[in-house]
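S.K.: Sharing work29.cif, mmCIF, C-alpha atoms and all ligand atoms:
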data_query
#
loop_
_atom_site.group_PDB
_atom_site.id
_atom_site.type_symbol
_atom_site.label_atom_id
_atom_site.label_comp_id
_atom_site.auth_asym_id
_atom_site.auth_seq_id
_atom_site.Cartn_x
_atom_site.Cartn_y
_atom_site.Cartn_z
ATOM 1 C CA MET A 160 159.022 -7.252 217.195
ATOM 2 C CA ALA A 161 160.850 -9.927 219.114
ATOM 3 C CA ARG A 162 158.494 -12.247 220.988
ATOM 4 C CA TYR A 163 160.963 -14.982 221.738
ATOM 5 C CA GLY A 164 158.880 -16.760 224.365
ATOM 6 C CA GLN A 165 155.892 -16.791 222.042
ATOM 7 C CA THR A 166 157.793 -18.648 219.343
ATOM 8 C CA TYR A 167 158.836 -21.279 221.850
ATOM 9 C CA LYS A 168 155.261 -21.751 223.058
ATOM 10 C CA VAL A 169 153.973 -22.187 219.509
ATOM 11 C CA ALA A 170 156.656 -24.802 218.844
ATOM 12 C CA GLU A 171 155.759 -26.581 222.083
ATOM 13 C CA PHE A 172 152.068 -26.556 221.135
ATOM 14 C CA ILE A 173 152.804 -28.222 217.800
ATOM 15 C CA SER A 174 155.248 -30.698 219.331
ATOM 16 C CA LYS A 175 152.549 -31.900 221.749
ATOM 17 C CA LEU A 176 150.463 -32.972 218.773
ATOM 18 C CA VAL A 177 153.127 -35.245 217.402
ATOM 19 C CA PRO A 178 153.000 -38.807 218.716
ATOM 20 C CA ARG A 179 156.351 -39.514 220.312
ATOM 21 C CA LYS A 180 156.779 -43.222 220.699
ATOM 22 C CA ARG A 181 155.996 -44.452 217.235
ATOM 23 C CA THR A 182 156.252 -43.480 213.635
ATOM 24 C CA ILE A 183 153.789 -40.901 212.373
ATOM 25 C CA LEU A 184 151.036 -42.449 210.309
ATOM 26 C CA LYS A 185 149.604 -40.801 207.217
ATOM 27 C CA ASN A 186 146.363 -39.951 209.047
ATOM 28 C CA ASP A 187 148.225 -38.307 211.909
ATOM 29 C CA GLN A 188 150.202 -36.293 209.413
ATOM 30 C CA ASN A 189 147.049 -35.009 207.747
ATOM 31 C CA TYR A 190 145.560 -34.112 211.085
ATOM 32 C CA ILE A 191 148.680 -32.235 212.157
ATOM 33 C CA HIS A 192 148.618 -30.285 208.897
ATOM 34 C CA SER A 193 144.957 -29.433 209.505
ATOM 35 C CA CYS A 194 145.840 -28.248 213.021
ATOM 36 C CA ILE A 195 148.595 -25.996 211.749
ATOM 37 C CA ASN A 196 146.262 -24.583 209.124
ATOM 38 C CA PHE A 197 143.639 -24.109 211.851
ATOM 39 C CA LEU A 198 146.091 -22.087 213.988
ATOM 40 C CA MET A 199 146.903 -19.918 210.987
ATOM 41 C CA GLN A 200 143.197 -19.353 210.326
ATOM 42 C CA LEU A 201 142.657 -18.388 213.965
ATOM 43 C CA ASP A 202 145.426 -15.829 213.634
ATOM 44 C CA LEU A 203 143.574 -14.306 210.670
ATOM 45 C CA CYS A 204 140.370 -14.168 212.768
ATOM 46 C CA GLN A 205 142.337 -12.331 215.417
ATOM 47 C CA GLU A 206 143.628 -9.845 212.848
ATOM 48 C CA ASP A 207 140.088 -9.121 211.698
ATOM 49 C CA HIS A 208 138.399 -8.832 215.074
ATOM 50 C CA PRO A 209 139.528 -6.489 217.828
ATOM 51 C CA PHE A 210 137.540 -8.386 220.457
ATOM 52 C CA VAL A 211 139.018 -11.815 219.859
ATOM 53 C CA THR A 212 142.530 -12.500 221.097
ATOM 54 C CA PHE A 213 144.410 -15.780 221.261
ATOM 55 C CA SER A 214 147.325 -16.319 223.565
ATOM 56 C CA PHE A 215 149.640 -19.279 223.955
ATOM 57 C CA SER A 216 150.289 -20.677 227.381
ATOM 58 C CA ALA A 217 153.030 -23.255 227.771
ATOM 59 C CA ALA A 218 150.932 -25.275 230.229
ATOM 60 C CA ASP A 219 147.464 -25.277 228.679
ATOM 61 C CA GLY A 220 147.764 -24.529 225.002
ATOM 62 C CA LEU A 221 145.980 -21.701 223.256
ATOM 63 C CA TRP A 222 143.720 -19.517 225.348
ATOM 64 C CA VAL A 223 140.772 -17.794 223.734
ATOM 65 C CA TYR A 224 139.829 -14.343 224.963
ATOM 66 C CA TYR A 225 136.806 -12.263 224.125
ATOM 67 C CA LYS A 226 137.218 -8.628 225.193
ATOM 68 C CA GLY A 227 139.960 -9.750 227.536
ATOM 69 C CA GLU A 228 137.837 -12.354 229.258
ATOM 70 C CA SER A 229 138.994 -15.945 228.857
ATOM 71 C CA ILE A 230 136.208 -18.034 227.355
ATOM 72 C CA GLY A 231 138.131 -21.253 226.826
ATOM 73 C CA PHE A 232 141.279 -22.892 225.623
ATOM 74 C CA ILE A 233 142.478 -25.308 222.992
ATOM 75 C CA LYS A 234 144.639 -28.037 224.401
ATOM 76 C CA PRO A 235 146.976 -30.184 222.315
ATOM 77 C CA THR A 236 147.519 -33.769 223.370
ATOM 78 C CA GLN A 237 149.470 -36.377 221.489
ATOM 79 C CA LYS A 238 147.459 -36.729 218.289
ATOM 80 C CA TYR A 239 144.435 -34.519 219.034
ATOM 81 C CA LEU A 240 143.237 -31.046 219.891
ATOM 82 C CA PHE A 241 140.615 -30.560 222.551
ATOM 83 C CA LEU A 242 138.485 -27.507 223.090
ATOM 84 C CA HIS A 243 137.725 -26.608 226.688
ATOM 85 C CA VAL A 244 134.968 -24.072 227.129
ATOM 86 C CA PHE A 245 133.886 -22.573 230.401
ATOM 87 C CA GLU A 246 130.243 -23.243 230.990
ATOM 88 C CA LYS A 247 127.749 -20.412 230.681
ATOM 89 C CA ASN A 248 129.474 -18.317 228.085
ATOM 90 C CA HIS A 249 128.436 -17.502 224.525
ATOM 91 C CA LEU A 250 130.765 -20.024 222.926
ATOM 92 C CA SER A 251 129.515 -22.811 225.180
ATOM 93 C CA LYS A 252 125.877 -21.935 224.409
ATOM 94 C CA LYS A 253 126.600 -21.732 220.711
ATOM 95 C CA ILE A 254 128.176 -25.176 220.680
ATOM 96 C CA ASP A 255 125.281 -26.613 222.671
ATOM 97 C CA ALA A 256 122.946 -25.213 220.027
ATOM 98 C CA GLN A 257 125.053 -26.679 217.208
ATOM 99 C CA LYS A 258 125.634 -30.120 218.638
ATOM 100 C CA LYS A 259 125.871 -31.775 215.262
ATOM 101 C CA HIS A 260 129.221 -30.063 214.789
ATOM 102 C CA PHE A 261 130.555 -31.277 218.111
ATOM 103 C CA GLN A 262 129.482 -34.825 218.664
ATOM 104 C CA LYS A 263 132.415 -36.028 220.654
ATOM 105 C CA LEU A 264 131.693 -34.270 223.886
ATOM 106 C CA VAL A 265 133.785 -35.402 226.796
ATOM 107 C CA GLU A 266 132.240 -34.137 230.009
ATOM 108 C CA THR A 267 134.756 -33.062 232.571
ATOM 109 C CA SER A 268 134.400 -33.037 236.305
ATOM 110 C CA TYR A 269 134.913 -29.346 236.841
ATOM 111 C CA ALA A 270 133.395 -26.159 235.505
ATOM 112 C CA HIS A 271 133.975 -26.593 231.820
ATOM 113 C CA LYS A 272 133.221 -28.884 228.945
ATOM 114 C CA GLN A 273 135.656 -30.497 226.600
ATOM 115 C CA TRP A 274 135.198 -31.372 222.952
ATOM 116 C CA HIS A 275 137.392 -33.236 220.588
ATOM 117 C CA ILE A 276 138.249 -30.988 217.625
ATOM 118 C CA GLY A 277 138.080 -32.856 214.351
ATOM 119 C CA VAL A 278 138.636 -31.242 210.973
ATOM 120 C CA ASN A 279 134.940 -30.268 210.586
ATOM 121 C CA GLU A 280 134.910 -28.693 214.018
ATOM 122 C CA MET A 281 137.955 -26.635 213.022
ATOM 123 C CA ASP A 282 135.977 -25.175 210.126
ATOM 124 C CA TRP A 283 133.070 -24.411 212.403
ATOM 125 C CA LEU A 284 135.312 -22.691 214.960
ATOM 126 C CA VAL A 285 137.064 -20.587 212.341
ATOM 127 C CA ASP A 286 133.664 -19.458 211.063
ATOM 128 C CA TYR A 287 132.558 -18.728 214.598
ATOM 129 C CA PHE A 288 135.618 -16.723 215.608
ATOM 130 C CA SER A 289 135.684 -14.827 212.338
ATOM 131 C CA GLY A 290 132.037 -13.854 212.860
ATOM 132 C CA ARG A 291 130.742 -15.466 209.683
ATOM 133 C CA PRO A 292 127.112 -16.296 210.372
ATOM 134 C CA ARG A 293 126.227 -19.917 209.735
ATOM 135 C CA PRO A 294 123.177 -20.504 207.532
ATOM 136 C CA SER A 295 121.282 -22.116 210.428
ATOM 137 C CA GLY A 296 122.577 -19.896 213.195
ATOM 138 C CA LYS A 297 121.523 -16.534 214.460
ATOM 139 C CA GLN A 298 123.679 -13.426 214.229
ATOM 140 C CA SER A 299 127.205 -13.995 215.457
ATOM 141 C CA PHE A 300 128.497 -12.595 218.713
ATOM 142 C CA LEU A 301 131.102 -10.807 216.621
ATOM 143 C CA SER A 302 128.680 -8.745 214.615
ATOM 144 C CA GLU A 303 129.931 -5.542 216.205
ATOM 145 C CA LYS A 304 131.728 -3.096 213.946
ATOM 146 C CA LYS A 305 135.457 -3.102 213.589
ATOM 147 C CA HIS A 306 137.298 -0.829 215.986
ATOM 148 C CA PRO A 307 138.151 2.397 214.160
ATOM 149 C CA ARG A 308 141.617 2.657 215.674
ATOM 150 C CA TYR A 309 142.509 -0.807 214.632
ATOM 151 C CA ILE A 310 145.326 -2.579 216.476
ATOM 152 C CA PRO A 311 146.881 -5.684 214.846
ATOM 153 C CA GLY A 312 146.060 -9.003 216.516
ATOM 154 C CA HIS A 313 149.611 -9.965 217.471
ATOM 155 C CA ILE A 314 150.143 -6.572 219.123
ATOM 156 C CA ARG A 315 146.950 -7.031 221.158
ATOM 157 C CA GLN A 316 148.132 -10.534 222.025
ATOM 158 C CA ALA A 317 151.452 -9.195 223.315
ATOM 159 C CA ALA A 318 149.746 -6.457 225.365
ATOM 160 C CA LEU A 319 147.275 -8.998 226.761
ATOM 161 C CA ASP A 320 150.138 -11.350 227.714
ATOM 162 C CA ASP A 321 151.816 -8.539 229.658
ATOM 163 C CA PHE A 322 148.528 -7.675 231.356
ATOM 164 C CA LEU A 323 147.947 -11.302 232.389
ATOM 165 C CA ALA A 324 151.573 -11.758 233.491
ATOM 166 C CA SER A 325 151.171 -8.747 235.794
ATOM 167 C CA GLY A 326 148.186 -10.425 237.472
ATOM 168 C CA ARG A 327 145.626 -8.304 235.571
ATOM 169 C CA GLN A 328 147.049 -4.961 236.660
ATOM 170 C CA CYS A 329 145.544 -1.843 235.100
ATOM 171 C CA PRO A 330 148.051 1.040 235.293
ATOM 172 C CA GLY A 331 145.221 3.377 236.327
ATOM 173 C CA VAL A 332 144.154 6.693 234.846
ATOM 174 C CA GLY A 333 143.800 9.383 237.518
ATOM 175 C CA ILE A 334 143.787 6.609 240.117
ATOM 176 C CA MET A 335 146.354 4.140 241.463
ATOM 177 C CA PRO A 336 147.258 0.994 239.541
ATOM 178 C CA HIS A 337 144.749 -1.676 240.422
ATOM 179 C CA LYS A 338 143.809 -5.283 239.782
ATOM 180 C CA VAL A 339 141.037 -5.896 237.243
ATOM 181 C CA PRO A 340 138.634 -8.707 238.245
ATOM 182 C CA GLN A 341 138.349 -11.634 235.817
ATOM 183 C CA LYS A 342 134.836 -10.747 234.672
ATOM 184 C CA GLU A 343 135.496 -7.058 234.144
ATOM 185 C CA ALA A 344 135.958 -5.818 230.588
ATOM 186 C CA ILE A 345 139.306 -4.549 229.430
ATOM 187 C CA GLU A 346 140.219 -2.389 226.467
ATOM 188 C CA PHE A 347 143.318 -1.807 224.433
ATOM 189 C CA ASP A 348 144.699 1.697 224.710
ATOM 190 C CA HIS A 349 147.145 3.786 222.711
ATOM 191 C CA ILE A 350 149.521 5.185 225.356
ATOM 192 C CA MET A 351 150.146 8.187 223.115
ATOM 193 C CA PRO A 352 146.695 8.772 221.626
ATOM 194 C CA HIS A 353 146.117 7.719 218.064
ATOM 195 C CA SER A 354 144.752 11.196 217.322
ATOM 196 C CA GLU A 355 148.149 12.646 218.283
ATOM 197 C CA GLY A 356 150.020 10.308 215.998
ATOM 198 C CA GLY A 357 150.550 7.467 218.488
ATOM 199 C CA PRO A 358 151.403 4.327 216.497
ATOM 200 C CA ASN A 359 149.854 0.827 216.637
ATOM 201 C CA THR A 360 153.108 -0.668 217.903
ATOM 202 C CA TYR A 361 153.801 -2.891 220.910
ATOM 203 C CA SER A 362 155.518 -0.104 222.884
ATOM 204 C CA ASN A 363 152.495 2.178 222.446
ATOM 205 C CA ILE A 364 149.708 -0.296 223.243
ATOM 206 C CA GLN A 365 148.592 -1.246 226.749
ATOM 207 C CA VAL A 366 145.586 -2.788 228.440
ATOM 208 C CA LEU A 367 143.349 -0.568 230.563
ATOM 209 C CA CYS A 368 140.192 -1.450 232.414
ATOM 210 C CA LYS A 369 137.091 -0.089 230.716
ATOM 211 C CA LYS A 370 136.573 2.607 233.345
ATOM 212 C CA CYS A 371 140.113 3.981 233.091
ATOM 213 C CA ASN A 372 139.926 3.974 229.311
ATOM 214 C CA ARG A 373 136.717 6.038 229.532
ATOM 215 C CA THR A 374 138.416 8.482 231.914
ATOM 216 C CA LYS A 375 141.344 8.812 229.538
ATOM 217 C CA GLY A 376 139.069 9.287 226.539
ATOM 218 C CA ALA A 377 137.088 11.996 228.337
ATOM 219 C CA SER A 378 140.184 13.957 229.410
ATOM 220 C CA ALA A 379 141.577 13.926 225.875
ATOM 221 C CA ARG A 380 138.662 15.919 224.569
HETATM 222 ZN ZN ZN B 401 141.755 0.886 235.522
#
Mind converting the file's structure to structure tokens?
M.R.:
Amino acid sequence: MARYGQTYKVAEFISKLVPRKRTILKNDQNYIHSCINFLMQLDLCQEDHPFVTFSFSAADGLWVYYKGESIGFIKPTQKYLFLHVFEKNHLSKKIDAQKKHFQKLVETSYAHKQWHIGVNEMDWLVDYFSGRPRPSGKQSFLSEKKHPRYIPGHIRQAALDDFLASGRQCPGVGIMPHKVPQKEAIEFDHIMPHSEGGPNTYSNIQVLCKKCNRTKGASAR
């Protein structure tokens, strides 16, 4: 599947991490390698969990979505990654409860918090997004079962990008296309139902609001 723009955004993300005006020191190099490894690990998390989707934005970095709702983003600056988390969501609460993993909190003036992501924090985040319970922590927010009609992470990412680019338009099932409010849950839908042989490919996957997906599911029976 050709996702030309996506490749560019990934390259831009990495390039923002590389200090421009001086030679790259050994430490910087190690950190950049850790960041690249971190991105690869996040992609594996996405493959394993139908509710977690990551999407690159040229302006902000890597957005983190849980069930289609943005919960934060990872911003590259020259040399470091920063995690921005919107206040009052599960990730923000989890980090507050695990402060020892995120000591370098940089408070920001608006509605989210920002943390510096060191190598240890990368490990913690990978564990968190992959739903591995930490010894000290309670059950992960990802403890739900895997979706039976499993859709690969990069396909969900592409469908989510299209949905966001359209201004959160749901095509509508039995009703007109409509805008889905930020806080409302979305679901990934097989345009031709999976039960009728519809494949898990980009051209057959779309985003529907939860209501429309229920309507569609009910009419298929
Ligand atoms: Zn809808």
S.K.: With the file shown as input, list the residues that the PyMOL selection byres (((not hetatm)) within 7 of (chain B and resi 401)) selects, as a list in words.
M.R.: Cys329, Pro330, Gly331, Val332, Pro336, His337, Leu367, Cys368, Lys369, Lys370 and Cys371 of chain A
S.K.: Would you write out, as JSON lines, a table of all residues in region 220-250 of chain A that have an atom no more than 10 Å from an atom of region 342-358 of chain A, listing for each the closest atom pair and the distance in Å to one decimal, considering all atoms listed in the file and ordering rows by chain and rising residue number?
M.R.:
{"residue": "A:Tyr225", "atom": "CA", "partner": "A:Ala344", "partner_atom": "CA", "distance": 9.2}
{"residue": "A:Lys226", "atom": "CA", "partner": "A:Ala344", "partner_atom": "CA", "distance": 6.2}
{"residue": "A:Gly227", "atom": "CA", "partner": "A:Ile345", "partner_atom": "CA", "distance": 5.6}
{"residue": "A:Glu228", "atom": "CA", "partner": "A:Lys342", "partner_atom": "CA", "distance": 6.4}
{"residue": "A:Ser229", "atom": "CA", "partner": "A:Lys342", "partner_atom": "CA", "distance": 8.8}
S.K.: Take the residues from that selection and put them in a file with C-alpha atoms, as a CSV table (one decimal), in the coordinates of the input.
M.R.:
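Generated output (again-v7.csv):
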chain,number,residue,atom,x,y,z
A,225,TYR,CA,136.8,-12.3,224.1
A,226,LYS,CA,137.2,-8.6,225.2
A,227,GLY,CA,140.0,-9.8,227.5
A,228,GLU,CA,137.8,-12.4,229.3
A,229,SER,CA,139.0,-15.9,228.9
S.K.: Using only C-alpha atoms, which protein or nucleic acid residues come within 12 Å of Asn189 (chain A)? Drop anything in the same chain fewer than 2 positions from it, and give the result as a PyMOL selection string.
M.R.: chain A and resi 176-177+183-187+191-196+238-239+277-278
S.K.: Quick one: apply the PyMOL selection byres (((chain A and resi 243) around 6) and not hetatm) to the file and drop the selected residues here as a PyMOL selection string.
M.R.: chain A and resi 231-232+242+244+272-273
S.K.: Of the residues A:Ile233, A:Ile364, A:Tyr167, A:Glu280, which is the one nearest to Ile314 (chain A), using only C-alpha atoms?
M.R.: A:Ile364
S.K.: Pull out every residue that the PyMOL selection byres (((chain A and resi 316) around 12) and not hetatm) matches in the shown coordinates and put them as JSON, numbers by chain.
M.R.: {"A": [162, 165, 202, 205, 206, 209, 210, 211, 212, 213, 214, 215, 216, 221, 222, 223, 224, 225, 226, 227, 310, 311, 312, 313, 314, 315, 317, 318, 319, 320, 321, 322, 323, 347, 360, 361, 364, 365, 366]}
S.K.: Nearest to Lys258 (chain A): which of A:Tyr190, A:Phe245, A:Tyr309, A:Trp274 is it, counting all atoms listed in the file?
M.R.: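 Answer, going by the shortest atom-to-atom distance: A:Trp274.
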S.K.: Determine the nearest neighbour of Asn372 (chain A) from the options A:Phe197, A:Ile334, A:His275, A:Gln341, counting all atoms listed in the file.
M.R.: A:Ile334
S.K.: Can you work out the spacing between CA of Gln328 (chain A) and CA of Lys375 (chain A) in Å, to one decimal?
M.R.: 16.5 Å
S.K.: What is the CA of Ala217 (chain A)-CA of His260 (chain A) distance in Å, reported with one decimal?
M.R.: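 Calculated distance between CA of Ala217 (chain A) and CA of His260 (chain A) is 28.0 Å.
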S.K.: Mind pulling up the distance from CA of Ala256 (chain A) to CA of Gln237 (chain A)?
M.R.: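 According to the coordinates, CA of Gln237 (chain A) and CA of Ala256 (chain A) are separated by 28.8 Å.
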S.K.: Can I get region 183-199 of chain A with N, CA and C atoms filled in, as an mmCIF file, keeping the file's coordinate frame?
M.R.:
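New file selection_8.cif:
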data_model
loop_
_atom_site.group_PDB
_atom_site.id
_atom_site.type_symbol
_atom_site.label_atom_id
_atom_site.label_comp_id
_atom_site.auth_asym_id
_atom_site.auth_seq_id
_atom_site.Cartn_x
_atom_site.Cartn_y
_atom_site.Cartn_z
ATOM 1 N N ILE A 183 154.990 -41.667 212.670
ATOM 2 C CA ILE A 183 153.789 -40.901 212.373
ATOM 3 C C ILE A 183 153.076 -41.513 211.171
ATOM 4 N N LEU A 184 151.820 -41.864 211.397
ATOM 5 C CA LEU A 184 151.036 -42.449 210.309
ATOM 6 C C LEU A 184 150.507 -41.345 209.392
ATOM 7 N N LYS A 185 150.112 -41.755 208.218
ATOM 8 C CA LYS A 185 149.604 -40.801 207.217
ATOM 9 C C LYS A 185 148.433 -39.976 207.779
ATOM 10 N N ASN A 186 147.520 -40.647 208.476
ATOM 11 C CA ASN A 186 146.363 -39.951 209.047
ATOM 12 C C ASN A 186 146.759 -38.892 210.064
ATOM 13 N N ASP A 187 147.723 -39.256 210.903
ATOM 14 C CA ASP A 187 148.225 -38.307 211.909
ATOM 15 C C ASP A 187 148.812 -37.093 211.201
ATOM 16 N N GLN A 188 149.564 -37.372 210.166
ATOM 17 C CA GLN A 188 150.202 -36.293 209.413
ATOM 18 C C GLN A 188 149.178 -35.310 208.872
ATOM 19 N N ASN A 189 148.101 -35.866 208.292
ATOM 20 C CA ASN A 189 147.049 -35.009 207.747
ATOM 21 C C ASN A 189 146.410 -34.173 208.850
ATOM 22 N N TYR A 190 146.186 -34.828 209.979
ATOM 23 C CA TYR A 190 145.560 -34.112 211.085
ATOM 24 C C TYR A 190 146.463 -32.990 211.579
ATOM 25 N N ILE A 191 147.742 -33.263 211.696
ATOM 26 C CA ILE A 191 148.680 -32.235 212.157
ATOM 27 C C ILE A 191 148.706 -31.058 211.179
ATOM 28 N N HIS A 192 148.676 -31.360 209.896
ATOM 29 C CA HIS A 192 148.618 -30.285 208.897
ATOM 30 C C HIS A 192 147.340 -29.460 209.057
ATOM 31 N N SER A 193 146.221 -30.151 209.298
ATOM 32 C CA SER A 193 144.957 -29.433 209.505
ATOM 33 C C SER A 193 145.049 -28.539 210.738
ATOM 34 N N CYS A 194 145.688 -29.041 211.787
ATOM 35 C CA CYS A 194 145.840 -28.248 213.021
ATOM 36 C C CYS A 194 146.666 -26.993 212.774
ATOM 37 N N ILE A 195 147.737 -27.153 212.028
ATOM 38 C CA ILE A 195 148.595 -25.996 211.749
ATOM 39 C C ILE A 195 147.827 -24.977 210.913
ATOM 40 N N ASN A 196 147.103 -25.464 209.932
ATOM 41 C CA ASN A 196 146.262 -24.583 209.124
ATOM 42 C C ASN A 196 145.206 -23.887 209.994
ATOM 43 N N PHE A 197 144.643 -24.639 210.924
ATOM 44 C CA PHE A 197 143.639 -24.109 211.851
ATOM 45 C C PHE A 197 144.233 -22.952 212.673
ATOM 46 N N LEU A 198 145.441 -23.142 213.203
ATOM 47 C CA LEU A 198 146.091 -22.087 213.988
ATOM 48 C C LEU A 198 146.306 -20.840 213.139
ATOM 49 N N MET A 199 146.687 -21.060 211.877
ATOM 50 C CA MET A 199 146.903 -19.918 210.987
ATOM 51 C C MET A 199 145.589 -19.188 210.712
#
